[in-house]
>>> print(open('query10.cif').read())   # mmCIF, C-alpha atoms, pLDDT in the B column; chains and numbers go by the auth columns
data_my_file
#
loop_
_atom_site.group_PDB
_atom_site.id
_atom_site.type_symbol
_atom_site.label_atom_id
_atom_site.label_comp_id
_atom_site.label_asym_id
_atom_site.label_seq_id
_atom_site.Cartn_x
_atom_site.Cartn_y
_atom_site.Cartn_z
_atom_site.B_iso_or_equiv
_atom_site.auth_seq_id
_atom_site.auth_asym_id
ATOM 1 C CA MET A 1 321.887 -100.542 85.132 82.00 189 A
ATOM 2 C CA VAL A 2 321.396 -104.189 86.140 84.00 190 A
ATOM 3 C CA PRO A 3 318.350 -104.804 83.869 85.00 191 A
ATOM 4 C CA PHE A 4 320.185 -103.214 80.952 85.00 192 A
ATOM 5 C CA PHE A 5 323.287 -105.307 81.575 86.00 193 A
ATOM 6 C CA TRP A 6 321.127 -108.436 81.855 83.00 194 A
ATOM 7 C CA MET A 7 319.505 -107.565 78.514 84.00 195 A
ATOM 8 C CA LEU A 8 322.907 -107.086 76.888 85.00 196 A
ATOM 9 C CA SER A 9 324.217 -110.327 78.382 85.00 197 A
ATOM 10 C CA THR A 10 321.153 -112.288 77.283 83.00 198 A
ATOM 11 C CA SER A 11 321.425 -110.952 73.738 83.00 199 A
ATOM 12 C CA LEU A 12 324.861 -112.613 73.436 82.00 200 A
ATOM 13 C CA LYS A 13 323.968 -115.991 74.962 82.00 201 A
ATOM 14 C CA ASP A 14 322.946 -119.285 73.518 79.00 202 A
ATOM 15 C CA SER A 15 319.294 -119.994 74.291 75.00 203 A
ATOM 16 C CA SER A 16 320.238 -123.068 76.367 74.00 204 A
ATOM 17 C CA VAL A 17 322.023 -121.031 79.085 75.00 205 A
ATOM 18 C CA ILE A 18 319.743 -118.003 79.401 76.00 206 A
ATOM 19 C CA PHE A 19 317.980 -119.229 82.552 77.00 207 A
ATOM 20 C CA GLN A 20 320.998 -121.000 84.025 75.00 208 A
ATOM 21 C CA PHE A 21 321.373 -120.593 87.795 78.00 209 A
ATOM 22 C CA PRO A 22 323.506 -119.003 89.065 79.00 210 A
ATOM 23 C CA PRO A 23 323.276 -116.537 86.157 75.00 211 A
ATOM 24 C CA GLN A 24 326.106 -116.397 83.673 75.00 212 A
ATOM 25 C CA TRP A 25 326.670 -112.646 83.398 78.00 213 A
ATOM 26 C CA ILE A 26 329.512 -112.867 80.887 81.00 214 A
ATOM 27 C CA PRO A 27 328.447 -115.167 78.022 77.00 215 A
ATOM 28 C CA ASP A 28 330.769 -118.014 77.156 77.00 216 A
ATOM 29 C CA PRO A 29 330.793 -118.366 74.219 79.00 217 A
ATOM 30 C CA ILE A 30 329.600 -114.989 72.923 81.00 218 A
ATOM 31 C CA VAL A 31 327.000 -115.575 70.210 80.00 219 A
ATOM 32 C CA TRP A 32 327.208 -112.534 67.920 83.00 220 A
ATOM 33 C CA GLY A 33 324.996 -114.336 65.440 82.00 221 A
ATOM 34 C CA ASN A 34 321.969 -113.536 67.595 82.00 222 A
ATOM 35 C CA TYR A 35 322.002 -109.991 66.257 86.00 223 A
ATOM 36 C CA VAL A 36 322.154 -111.127 62.649 86.00 224 A
ATOM 37 C CA GLU A 37 319.387 -113.670 63.204 83.00 225 A
ATOM 38 C CA ALA A 38 317.239 -111.143 65.079 82.00 226 A
ATOM 39 C CA MET A 39 317.473 -108.552 62.294 84.00 227 A
ATOM 40 C CA THR A 40 316.654 -111.133 59.612 84.00 228 A
ATOM 41 C CA PHE A 41 313.860 -112.820 61.600 82.00 229 A
ATOM 42 C CA ALA A 42 311.483 -110.193 60.198 81.00 230 A
ATOM 43 C CA PRO A 43 311.907 -107.147 57.888 85.00 231 A
ATOM 44 C CA PHE A 44 313.313 -104.976 60.686 85.00 232 A
ATOM 45 C CA HIS A 45 314.800 -102.514 58.197 88.00 233 A
ATOM 46 C CA LEU A 46 311.212 -101.626 57.263 91.00 234 A
ATOM 47 C CA PHE A 47 310.127 -101.538 60.905 92.00 235 A
ATOM 48 C CA PHE A 48 312.922 -99.101 61.762 92.00 236 A
ATOM 49 C CA LEU A 49 312.089 -96.876 58.804 93.00 237 A
ATOM 50 C CA ASN A 50 308.405 -96.886 59.737 94.00 238 A
ATOM 51 C CA SER A 51 309.145 -96.019 63.369 94.00 239 A
ATOM 52 C CA LEU A 52 311.546 -93.241 62.358 93.00 240 A
ATOM 53 C CA THR A 53 308.922 -91.790 60.022 94.00 241 A
ATOM 54 C CA ILE A 54 306.186 -91.822 62.665 95.00 242 A
ATOM 55 C CA ALA A 55 308.381 -90.639 65.538 93.00 243 A
ATOM 56 C CA GLY A 56 310.169 -87.966 63.491 92.00 244 A
ATOM 57 C CA LEU A 57 307.070 -86.394 61.965 95.00 245 A
ATOM 58 C CA SER A 58 305.181 -86.582 65.258 94.00 246 A
ATOM 59 C CA MET A 59 308.082 -84.963 67.105 92.00 247 A
ATOM 60 C CA ILE A 60 308.122 -82.031 64.671 93.00 248 A
ATOM 61 C CA GLY A 61 304.372 -81.569 65.048 94.00 249 A
ATOM 62 C CA GLU A 62 304.315 -81.795 68.831 93.00 250 A
ATOM 63 C CA VAL A 63 307.285 -79.460 69.288 93.00 251 A
ATOM 64 C CA PHE A 64 306.095 -76.740 66.916 92.00 252 A
ATOM 65 C CA THR A 65 302.339 -76.749 67.573 93.00 253 A
ATOM 66 C CA GLY A 66 302.827 -77.307 71.306 93.00 254 A
ATOM 67 C CA ALA A 67 305.087 -74.253 71.452 93.00 255 A
ATOM 68 C CA LEU A 68 302.649 -72.215 69.349 93.00 256 A
ATOM 69 C CA VAL A 69 299.665 -73.008 71.567 93.00 257 A
ATOM 70 C CA ALA A 70 301.685 -72.469 74.741 93.00 258 A
ATOM 71 C CA TYR A 71 302.857 -69.067 73.482 92.00 259 A
ATOM 72 C CA GLY A 72 299.230 -68.033 73.129 91.00 260 A
ATOM 73 C CA PHE A 73 298.475 -69.095 76.699 92.00 261 A
ATOM 74 C CA ALA A 74 301.624 -67.448 78.086 90.00 262 A
ATOM 75 C CA LYS A 75 301.885 -64.143 76.234 88.00 263 A
ATOM 76 C CA LEU A 76 298.611 -63.278 74.479 88.00 264 A
ATOM 77 C CA GLN A 77 295.715 -61.630 76.268 87.00 265 A
ATOM 78 C CA PHE A 78 292.236 -62.834 75.327 87.00 266 A
ATOM 79 C CA LYS A 79 288.968 -63.465 77.112 89.00 267 A
ATOM 80 C CA GLY A 80 288.734 -66.844 78.853 88.00 268 A
ATOM 81 C CA ARG A 81 292.434 -67.619 78.424 89.00 269 A
ATOM 82 C CA ASP A 82 293.006 -69.003 81.924 89.00 270 A
ATOM 83 C CA THR A 83 289.746 -70.982 81.896 92.00 271 A
ATOM 84 C CA LEU A 84 290.638 -72.543 78.566 93.00 272 A
ATOM 85 C CA PHE A 85 294.110 -73.420 79.864 92.00 273 A
ATOM 86 C CA ILE A 86 292.583 -75.184 82.879 93.00 274 A
ATOM 87 C CA ILE A 87 290.342 -77.173 80.520 92.00 275 A
ATOM 88 C CA VAL A 88 293.414 -78.191 78.505 92.00 276 A
ATOM 89 C CA LEU A 89 295.170 -79.349 81.682 90.00 277 A
ATOM 90 C CA ALA A 90 292.039 -81.237 82.747 91.00 278 A
ATOM 91 C CA THR A 91 292.370 -83.463 79.676 88.00 279 A
ATOM 92 C CA MET A 92 295.511 -84.952 81.263 87.00 280 A
ATOM 93 C CA MET A 93 293.260 -86.606 83.860 88.00 281 A
ATOM 94 C CA LEU A 94 291.221 -88.352 81.153 85.00 282 A
ATOM 95 C CA PRO A 95 292.518 -91.935 80.692 85.00 283 A
ATOM 96 C CA GLY A 96 293.410 -92.916 77.165 82.00 284 A
ATOM 97 C CA GLU A 97 291.212 -96.004 77.479 83.00 285 A
ATOM 98 C CA VAL A 98 288.140 -93.743 77.681 87.00 286 A
ATOM 99 C CA THR A 99 288.748 -92.112 74.283 88.00 287 A
ATOM 100 C CA MET A 100 290.313 -95.112 72.539 90.00 288 A
ATOM 101 C CA ILE A 101 287.134 -96.574 71.018 91.00 289 A
ATOM 102 C CA PRO A 102 285.489 -93.265 69.961 92.00 290 A
ATOM 103 C CA VAL A 103 288.732 -92.097 68.345 92.00 291 A
ATOM 104 C CA PHE A 104 289.126 -95.429 66.536 94.00 292 A
ATOM 105 C CA ILE A 105 285.552 -95.194 65.211 94.00 293 A
ATOM 106 C CA MET A 106 286.216 -91.646 64.007 94.00 294 A
ATOM 107 C CA PHE A 107 289.394 -92.651 62.146 94.00 295 A
ATOM 108 C CA ALA A 108 287.642 -95.716 60.713 94.00 296 A
ATOM 109 C CA HIS A 109 284.857 -93.536 59.283 94.00 297 A
ATOM 110 C CA ILE A 110 287.337 -91.328 57.429 93.00 298 A
ATOM 111 C CA GLY A 111 289.312 -94.319 56.132 91.00 299 A
ATOM 112 C CA TRP A 112 292.548 -93.878 58.056 93.00 300 A
ATOM 113 C CA ILE A 113 292.838 -97.441 59.375 93.00 301 A
ATOM 114 C CA ASP A 114 296.043 -99.226 58.289 92.00 302 A
ATOM 115 C CA THR A 115 297.730 -95.892 57.591 92.00 303 A
ATOM 116 C CA TYR A 116 300.156 -93.759 59.576 94.00 304 A
ATOM 117 C CA LEU A 117 297.775 -90.788 59.674 94.00 305 A
ATOM 118 C CA PRO A 118 296.119 -91.630 63.059 94.00 306 A
ATOM 119 C CA LEU A 119 299.598 -91.868 64.586 93.00 307 A
ATOM 120 C CA ILE A 120 300.963 -88.616 63.110 94.00 308 A
ATOM 121 C CA VAL A 121 298.171 -86.108 62.368 94.00 309 A
ATOM 122 C CA PRO A 122 296.960 -85.631 66.006 92.00 310 A
ATOM 123 C CA SER A 123 300.463 -84.395 66.888 92.00 311 A
ATOM 124 C CA TYR A 124 299.822 -81.308 64.744 93.00 312 A
ATOM 125 C CA PHE A 125 296.847 -80.152 66.807 90.00 313 A
ATOM 126 C CA GLY A 126 298.514 -78.739 69.893 83.00 314 A
ATOM 127 C CA GLY A 127 301.008 -81.437 70.796 81.00 315 A
ATOM 128 C CA GLY A 128 299.253 -82.551 73.991 86.00 316 A
ATOM 129 C CA ALA A 129 298.439 -80.888 77.305 90.00 317 A
ATOM 130 C CA PHE A 130 301.679 -81.933 79.024 90.00 318 A
ATOM 131 C CA PHE A 131 303.916 -80.346 76.382 91.00 319 A
ATOM 132 C CA ILE A 132 301.748 -77.221 76.288 92.00 320 A
ATOM 133 C CA PHE A 133 302.123 -76.894 80.056 91.00 321 A
ATOM 134 C CA MET A 134 305.922 -77.308 79.877 89.00 322 A
ATOM 135 C CA PHE A 135 306.283 -74.724 77.130 90.00 323 A
ATOM 136 C CA ARG A 136 303.955 -72.249 78.836 91.00 324 A
ATOM 137 C CA GLN A 137 305.910 -72.360 82.081 88.00 325 A
ATOM 138 C CA PHE A 138 309.141 -71.717 80.180 88.00 326 A
ATOM 139 C CA PHE A 139 307.663 -68.874 78.111 89.00 327 A
ATOM 140 C CA LEU A 140 306.433 -67.122 81.259 88.00 328 A
ATOM 141 C CA GLY A 141 310.074 -66.664 82.246 86.00 329 A
ATOM 142 C CA ILE A 142 310.916 -64.724 79.066 86.00 330 A
ATOM 143 C CA PRO A 143 310.787 -60.958 79.773 87.00 331 A
ATOM 144 C CA ASN A 144 307.925 -59.107 78.087 87.00 332 A
ATOM 145 C CA GLU A 145 310.313 -56.248 77.366 88.00 333 A
ATOM 146 C CA LEU A 146 311.894 -58.318 74.592 86.00 334 A
ATOM 147 C CA GLU A 147 308.540 -58.591 72.853 86.00 335 A
ATOM 148 C CA ASP A 148 307.818 -54.896 73.324 87.00 336 A
ATOM 149 C CA ALA A 149 311.152 -54.019 71.722 89.00 337 A
ATOM 150 C CA ALA A 150 310.405 -56.341 68.806 87.00 338 A
ATOM 151 C CA ARG A 151 306.990 -54.733 68.265 89.00 339 A
ATOM 152 C CA ILE A 152 308.619 -51.305 68.175 89.00 340 A
ATOM 153 C CA ASP A 153 310.917 -52.651 65.438 85.00 341 A
ATOM 154 C CA GLY A 154 307.852 -53.704 63.432 86.00 342 A
ATOM 155 C CA CYS A 155 307.512 -57.433 64.227 85.00 343 A
ATOM 156 C CA ASN A 156 304.063 -58.973 64.285 88.00 344 A
ATOM 157 C CA THR A 157 303.007 -61.651 66.781 87.00 345 A
ATOM 158 C CA PHE A 158 304.139 -64.631 64.714 87.00 346 A
ATOM 159 C CA GLN A 159 307.491 -63.005 63.929 89.00 347 A
ATOM 160 C CA ILE A 160 308.062 -62.420 67.643 89.00 348 A
ATOM 161 C CA PHE A 161 307.258 -66.081 68.312 89.00 349 A
ATOM 162 C CA TYR A 162 309.497 -67.357 65.522 88.00 350 A
ATOM 163 C CA ARG A 163 312.426 -64.918 65.773 87.00 351 A
ATOM 164 C CA ILE A 164 312.519 -64.073 69.485 88.00 352 A
ATOM 165 C CA VAL A 165 310.776 -66.706 71.609 89.00 353 A
ATOM 166 C CA LEU A 166 311.812 -69.933 69.866 88.00 354 A
ATOM 167 C CA PRO A 167 315.569 -69.138 69.744 88.00 355 A
ATOM 168 C CA LEU A 168 315.465 -68.386 73.479 87.00 356 A
ATOM 169 C CA SER A 169 313.609 -71.637 74.187 87.00 357 A
ATOM 170 C CA LYS A 170 316.126 -74.197 72.925 85.00 358 A
ATOM 171 C CA PRO A 171 316.305 -76.029 76.310 85.00 359 A
ATOM 172 C CA ALA A 172 312.511 -76.430 76.415 87.00 360 A
ATOM 173 C CA LEU A 173 312.406 -77.458 72.752 89.00 361 A
ATOM 174 C CA ALA A 174 315.088 -80.098 73.377 86.00 362 A
ATOM 175 C CA VAL A 175 313.278 -81.565 76.393 86.00 363 A
ATOM 176 C CA VAL A 176 309.973 -81.806 74.528 89.00 364 A
ATOM 177 C CA ALA A 177 311.704 -83.251 71.449 88.00 365 A
ATOM 178 C CA ILE A 178 313.312 -86.007 73.521 87.00 366 A
ATOM 179 C CA PHE A 179 310.095 -86.847 75.358 89.00 367 A
ATOM 180 C CA SER A 180 308.082 -86.803 72.133 91.00 368 A
ATOM 181 C CA PHE A 181 310.475 -89.005 70.154 91.00 369 A
ATOM 182 C CA HIS A 182 310.846 -91.420 73.065 89.00 370 A
ATOM 183 C CA GLY A 183 307.081 -91.704 73.504 90.00 371 A
ATOM 184 C CA LYS A 184 306.316 -92.294 69.827 92.00 372 A
ATOM 185 C CA TRP A 185 309.250 -94.659 69.312 92.00 373 A
ATOM 186 C CA ASN A 186 308.159 -96.850 72.231 90.00 374 A
ATOM 187 C CA ASP A 187 304.444 -96.652 71.442 92.00 375 A
ATOM 188 C CA PHE A 188 303.017 -100.143 71.115 91.00 376 A
ATOM 189 C CA LEU A 189 299.267 -99.739 71.558 91.00 377 A
ATOM 190 C CA GLY A 190 298.736 -97.121 68.843 91.00 378 A
ATOM 191 C CA PRO A 191 300.369 -99.067 65.986 93.00 379 A
ATOM 192 C CA LEU A 192 298.753 -102.286 67.282 92.00 380 A
ATOM 193 C CA ILE A 193 295.294 -100.725 66.947 93.00 381 A
ATOM 194 C CA TYR A 194 295.662 -98.911 63.621 94.00 382 A
ATOM 195 C CA LEU A 195 298.162 -100.949 61.565 92.00 383 A
ATOM 196 C CA ASN A 196 297.247 -104.272 59.952 91.00 384 A
ATOM 197 C CA THR A 197 299.834 -104.767 57.186 90.00 385 A
ATOM 198 C CA MET A 198 303.143 -106.230 58.357 89.00 386 A
ATOM 199 C CA GLU A 199 305.144 -104.009 55.988 90.00 387 A
ATOM 200 C CA LYS A 200 303.764 -101.002 57.905 91.00 388 A
ATOM 201 C CA PHE A 201 304.590 -102.350 61.384 93.00 389 A
ATOM 202 C CA THR A 202 306.801 -100.391 63.767 93.00 390 A
ATOM 203 C CA VAL A 203 309.779 -101.650 65.775 91.00 391 A
ATOM 204 C CA GLN A 204 307.661 -102.318 68.857 91.00 392 A
ATOM 205 C CA LEU A 205 305.269 -104.539 66.898 90.00 393 A
ATOM 206 C CA GLY A 206 308.297 -106.281 65.411 88.00 394 A
ATOM 207 C CA LEU A 207 309.671 -107.029 68.896 87.00 395 A
ATOM 208 C CA ALA A 208 306.351 -108.630 69.828 86.00 396 A
ATOM 209 C CA MET A 209 306.817 -111.113 66.977 84.00 397 A
ATOM 210 C CA PHE A 210 309.529 -112.893 69.001 81.00 398 A
ATOM 211 C CA GLN A 211 306.916 -113.872 71.589 77.00 399 A
ATOM 212 C CA GLY A 212 304.963 -116.899 70.425 69.00 400 A
ATOM 213 C CA MET A 213 302.050 -118.725 72.022 58.00 401 A
ATOM 214 C CA PHE A 214 304.249 -121.498 73.427 64.00 402 A
ATOM 215 C CA GLN A 215 307.798 -120.136 73.247 73.00 403 A
ATOM 216 C CA THR A 216 309.710 -116.856 73.379 74.00 404 A
ATOM 217 C CA GLU A 217 313.036 -116.382 71.619 76.00 405 A
ATOM 218 C CA TRP A 218 314.639 -114.483 74.498 78.00 406 A
ATOM 219 C CA SER A 219 318.126 -114.127 73.051 82.00 407 A
ATOM 220 C CA LEU A 220 316.779 -112.757 69.756 83.00 408 A
ATOM 221 C CA LEU A 221 314.287 -110.526 71.554 84.00 409 A
ATOM 222 C CA MET A 222 317.019 -109.009 73.713 86.00 410 A
ATOM 223 C CA ALA A 223 319.310 -108.515 70.704 86.00 411 A
ATOM 224 C CA ALA A 224 316.552 -106.720 68.784 86.00 412 A
ATOM 225 C CA SER A 225 315.723 -104.650 71.877 87.00 413 A
ATOM 226 C CA ILE A 226 319.345 -103.467 72.135 88.00 414 A
ATOM 227 C CA VAL A 227 319.256 -102.331 68.505 87.00 415 A
ATOM 228 C CA ALA A 228 315.857 -100.670 69.024 88.00 416 A
ATOM 229 C CA LEU A 229 317.311 -98.701 71.936 87.00 417 A
ATOM 230 C CA LEU A 230 320.043 -97.046 69.853 87.00 418 A
ATOM 231 C CA PRO A 231 317.933 -94.312 68.117 86.00 419 A
ATOM 232 C CA VAL A 232 316.572 -93.110 71.467 84.00 420 A
ATOM 233 C CA LEU A 233 320.102 -92.854 72.875 84.00 421 A
ATOM 234 C CA LEU A 234 321.232 -91.044 69.733 84.00 422 A
ATOM 235 C CA ILE A 235 318.439 -88.465 70.064 81.00 423 A
ATOM 236 C CA PHE A 236 319.330 -87.901 73.723 79.00 424 A
ATOM 237 C CA PHE A 237 323.022 -87.309 73.017 81.00 425 A
ATOM 238 C CA MET A 238 322.179 -84.990 70.118 78.00 426 A
ATOM 239 C CA PHE A 239 320.106 -82.761 72.418 74.00 427 A
ATOM 240 C CA GLN A 240 322.074 -83.448 75.604 74.00 428 A
ATOM 241 C CA LYS A 241 323.596 -79.960 75.791 73.00 429 A
ATOM 242 C CA TYR A 242 320.221 -78.219 75.734 69.00 430 A
ATOM 243 C CA PHE A 243 318.590 -80.903 77.883 66.00 431 A
ATOM 244 C CA ILE A 244 321.105 -80.385 80.707 66.00 432 A
ATOM 245 C CA GLU A 245 320.793 -76.617 80.270 63.00 433 A
ATOM 246 C CA GLY A 246 317.046 -76.901 80.747 56.00 434 A
ATOM 247 C CA ILE A 247 317.566 -78.831 83.978 53.00 435 A
ATOM 248 C CA LYS A 248 319.976 -76.159 85.246 51.00 436 A
ATOM 249 C CA LEU A 249 317.577 -73.356 84.391 52.00 437 A
ATOM 250 C CA SER A 250 314.760 -75.145 86.153 44.00 438 A
ATOM 251 C CA GLY A 251 316.931 -75.558 89.240 40.00 439 A
ATOM 252 C CA ILE A 252 317.867 -71.864 89.297 40.00 440 A
ATOM 253 C CA LYS A 253 314.251 -70.773 88.970 46.00 441 A
ATOM 254 C CA GLY A 254 313.173 -73.188 91.689 41.00 442 A
#
>>> encode(input="query10.cif", output="structure tokens")
Amino acid sequence: MVPFFWMLSTSLKDSSVIFQFPPQWIPDPIVWGNYVEAMTFAPFHLFFLNSLTIAGLSMIGEVFTGALVAYGFAKLQFKGRDTLFIIVLATMMLPGEVTMIPVFIMFAHIGWIDTYLPLIVPSYFGGGAFFIFMFRQFFLGIPNELEDAARIDGCNTFQIFYRIVLPLSKPALAVVAIFSFHGKWNDFLGPLIYLNTMEKFTVQLGLAMFQGMFQTEWSLLMAASIVALLPVLLIFFMFQKYFIEGIKLSGIKG
């Protein structure tokens, strides 16, 4: 908690006492104007809206498609299933720096540079190996007898997934939703590579604007960082019940 408290303290200080030694943990005077100045330093209302759009749509895609792919690996029988799953897991060992340039060239050829599409669309193609692995492990714990009973009642495979498996998987869905939103909200490299217009910038690119070549506005940067932290905390508390339930279930199974 010390770094967080230091960030909060710095956000309320005058710039002349930030690096005072010994540190002044409780600002005197408290400069509330830092928050107003930080939010008006750049169009942060647009940055927040852009980040919410990217993180929200990506979260929906990663949660739904990740669960769909994982259900296939966990419950459906088809030739080469386990081999294909190992190949999916192997992609986790491939550094992002290796695919960065080829992927950028591909998106440039189809005209997606300076749009949100490179940051959102890939989330709808499986959701990533890590989320697929998490969902698969959870789905393996759901009794097959529930699916057999649903098939007897006339449900097809997708209806079983949507009506039986997903409602029983709320803890796993909550964990993946939190991780997904947190990852996209804090993503700096992706928007830096694909976005060129300032009106399309995300919060993380906006925070970087406080760091100049010769000077950094630390008090304003910390104030903006506190505000940028609030949506992530809100998402966590919204899903906290299911998140804690998922931890308890994992502990029981272990």
>>> residues_around(input="query10.cif", residues="A:Ser357", least_positions_apart="2", cutoff="9 Å", atoms="all atoms listed in the file", output="ChimeraX atom specification")
/A:323,326-327,330,352-355,359-362
>>> residues_near_point(input="query10.cif", point="(305.2, -106.3, 54.4)", cutoff="12 Å", atoms="only C-alpha atoms", output="ChimeraX atom specification")
/A:230-235,238,383-390,394
>>> atom_distance(input="query10.cif", atom1="atom CA of A:Phe292", atom2="atom CA of A:Gly315")
18.8 Å
>>> residues_around(input="query10.cif", residues="A:Glu333", least_positions_apart="5", cutoff="12 Å", atoms="all atoms listed in the file", output="number ranges by chain")
A: 263, 338-340, 348, 352-353
>>> resolve_selection(input="query10.cif", expression="the PyMOL selection byres ((chain A and resi 371) around 12)", output="list in words")
Ser239, Ile242, Ala243, Gly244, Ser246, Met247, Glu250, Leu307, Ser311, Val364, Ala365, Ile366, Phe367, Ser368, Phe369, His370, Lys372, Trp373, Asn374, Asp375, Phe376, Leu377, Gly378, Gln392 and Val420 of chain A
>>> atom_distance(input="query10.cif", atom1="atom CA of A:Asp202", atom2="atom CA of A:Val219")
6.4 Å
>>> resolve_selection(input="query10.cif", expression="the PyMOL selection byres ((chain A and resi 270-282) around 12)", output="PyMOL selection string")
chain A and resi 254+257-269+283-288+314-322+324
>>> closest_residue(input="query10.cif", among="A:Ala396, A:Met189, A:Ile206, A:Met227", to="A:Ala411", atoms="only C-alpha atoms")
A:Met227
>>> atom_distance(input="query10.cif", atom1="atom CA of A:Phe229", atom2="atom CA of A:Gln212")
25.5 Å
>>> resolve_selection(input="query10.cif", expression="the PyMOL selection byres ((chain A and resi 194) around 12)", output="PyMOL selection string")
chain A and resi 189-193+195-201+206-207+211-215+406-407+410-411+413-414
>>> closest_residue(input="query10.cif", among="A:Pro217, A:Pro419, A:Gly329, A:Gly249", to="A:Leu356", atoms="all atoms listed in the file")
A:Gly329
>>> closest_residue(input="query10.cif", among="A:Ile248, A:Val291, A:Ala416, A:Leu237", to="A:Tyr223", atoms="all atoms listed in the file")
A:Ala416
>>> decode(input="query10.cif", residues="stretch 297-316 of chain A", atoms="N, CA and C atoms", output="PDB file, in the first residue's frame")
ATOM      1  N   HIS A 297      -2.018  -3.160 -44.145  1.00  0.00           N
ATOM      2  CA  HIS A 297      -2.455  -3.514 -45.498  1.00  0.00           C
ATOM      3  C   HIS A 297      -3.969  -3.453 -45.632  1.00  0.00           C
ATOM      4  N   ILE A 298      -4.697  -3.735 -44.567  1.00  0.00           N
ATOM      5  CA  ILE A 298      -6.160  -3.703 -44.658  1.00  0.00           C
ATOM      6  C   ILE A 298      -6.734  -2.366 -44.185  1.00  0.00           C
ATOM      7  N   GLY A 299      -5.850  -1.402 -43.900  1.00  0.00           N
ATOM      8  CA  GLY A 299      -6.295  -0.042 -43.603  1.00  0.00           C
ATOM      9  C   GLY A 299      -6.863   0.175 -42.233  1.00  0.00           C
ATOM     10  N   TRP A 300      -6.366  -0.562 -41.234  1.00  0.00           N
ATOM     11  CA  TRP A 300      -6.898  -0.434 -39.881  1.00  0.00           C
ATOM     12  C   TRP A 300      -6.055   0.450 -38.979  1.00  0.00           C
ATOM     13  N   ILE A 301      -4.991   1.049 -39.503  1.00  0.00           N
ATOM     14  CA  ILE A 301      -4.155   1.921 -38.677  1.00  0.00           C
ATOM     15  C   ILE A 301      -4.939   3.189 -38.331  1.00  0.00           C
ATOM     16  N   ASP A 302      -4.742   3.673 -37.112  1.00  0.00           N
ATOM     17  CA  ASP A 302      -5.449   4.837 -36.566  1.00  0.00           C
ATOM     18  C   ASP A 302      -6.938   4.566 -36.416  1.00  0.00           C
ATOM     19  N   THR A 303      -7.273   3.302 -36.152  1.00  0.00           N
ATOM     20  CA  THR A 303      -8.641   2.926 -35.783  1.00  0.00           C
ATOM     21  C   THR A 303      -8.561   2.023 -34.549  1.00  0.00           C
ATOM     22  N   TYR A 304      -9.718   1.759 -33.958  1.00  0.00           N
ATOM     23  CA  TYR A 304      -9.762   0.885 -32.791  1.00  0.00           C
ATOM     24  C   TYR A 304      -9.826  -0.596 -33.159  1.00  0.00           C
ATOM     25  N   LEU A 305      -9.994  -0.896 -34.442  1.00  0.00           N
ATOM     26  CA  LEU A 305     -10.198  -2.281 -34.863  1.00  0.00           C
ATOM     27  C   LEU A 305      -9.044  -3.211 -34.477  1.00  0.00           C
ATOM     28  N   PRO A 306      -7.754  -2.815 -34.646  1.00  0.00           N
ATOM     29  CA  PRO A 306      -6.678  -3.737 -34.235  1.00  0.00           C
ATOM     30  C   PRO A 306      -6.659  -4.015 -32.735  1.00  0.00           C
ATOM     31  N   LEU A 307      -7.270  -3.140 -31.947  1.00  0.00           N
ATOM     32  CA  LEU A 307      -7.276  -3.305 -30.500  1.00  0.00           C
ATOM     33  C   LEU A 307      -8.486  -4.090 -30.006  1.00  0.00           C
ATOM     34  N   ILE A 308      -9.519  -4.215 -30.847  1.00  0.00           N
ATOM     35  CA  ILE A 308     -10.769  -4.856 -30.421  1.00  0.00           C
ATOM     36  C   ILE A 308     -11.016  -6.171 -31.146  1.00  0.00           C
ATOM     37  N   VAL A 309     -10.903  -6.176 -32.472  1.00  0.00           N
ATOM     38  CA  VAL A 309     -11.290  -7.343 -33.280  1.00  0.00           C
ATOM     39  C   VAL A 309     -10.565  -8.626 -32.877  1.00  0.00           C
ATOM     40  N   PRO A 310      -9.232  -8.610 -32.612  1.00  0.00           N
ATOM     41  CA  PRO A 310      -8.574  -9.880 -32.223  1.00  0.00           C
ATOM     42  C   PRO A 310      -9.165 -10.527 -30.979  1.00  0.00           C
ATOM     43  N   SER A 311      -9.838  -9.760 -30.133  1.00  0.00           N
ATOM     44  CA  SER A 311     -10.443 -10.333 -28.926  1.00  0.00           C
ATOM     45  C   SER A 311     -11.606 -11.264 -29.249  1.00  0.00           C
ATOM     46  N   TYR A 312     -12.142 -11.168 -30.477  1.00  0.00           N
ATOM     47  CA  TYR A 312     -13.282 -11.988 -30.860  1.00  0.00           C
ATOM     48  C   TYR A 312     -12.874 -13.253 -31.609  1.00  0.00           C
ATOM     49  N   PHE A 313     -11.594 -13.595 -31.531  1.00  0.00           N
ATOM     50  CA  PHE A 313     -11.105 -14.806 -32.187  1.00  0.00           C
ATOM     51  C   PHE A 313     -10.456 -15.732 -31.159  1.00  0.00           C
ATOM     52  N   GLY A 314     -11.184 -16.052 -30.116  1.00  0.00           N
ATOM     53  CA  GLY A 314     -10.716 -17.019 -29.145  1.00  0.00           C
ATOM     54  C   GLY A 314     -10.374 -16.449 -27.791  1.00  0.00           C
ATOM     55  N   GLY A 315     -10.076 -15.163 -27.720  1.00  0.00           N
ATOM     56  CA  GLY A 315      -9.836 -14.540 -26.425  1.00  0.00           C
ATOM     57  C   GLY A 315      -8.448 -14.734 -25.844  1.00  0.00           C
ATOM     58  N   GLY A 316      -7.589 -15.511 -26.487  1.00  0.00           N
ATOM     59  CA  GLY A 316      -6.236 -15.707 -25.971  1.00  0.00           C
ATOM     60  C   GLY A 316      -6.076 -17.040 -25.278  1.00  0.00           C
TER      61      GLY A 316
END
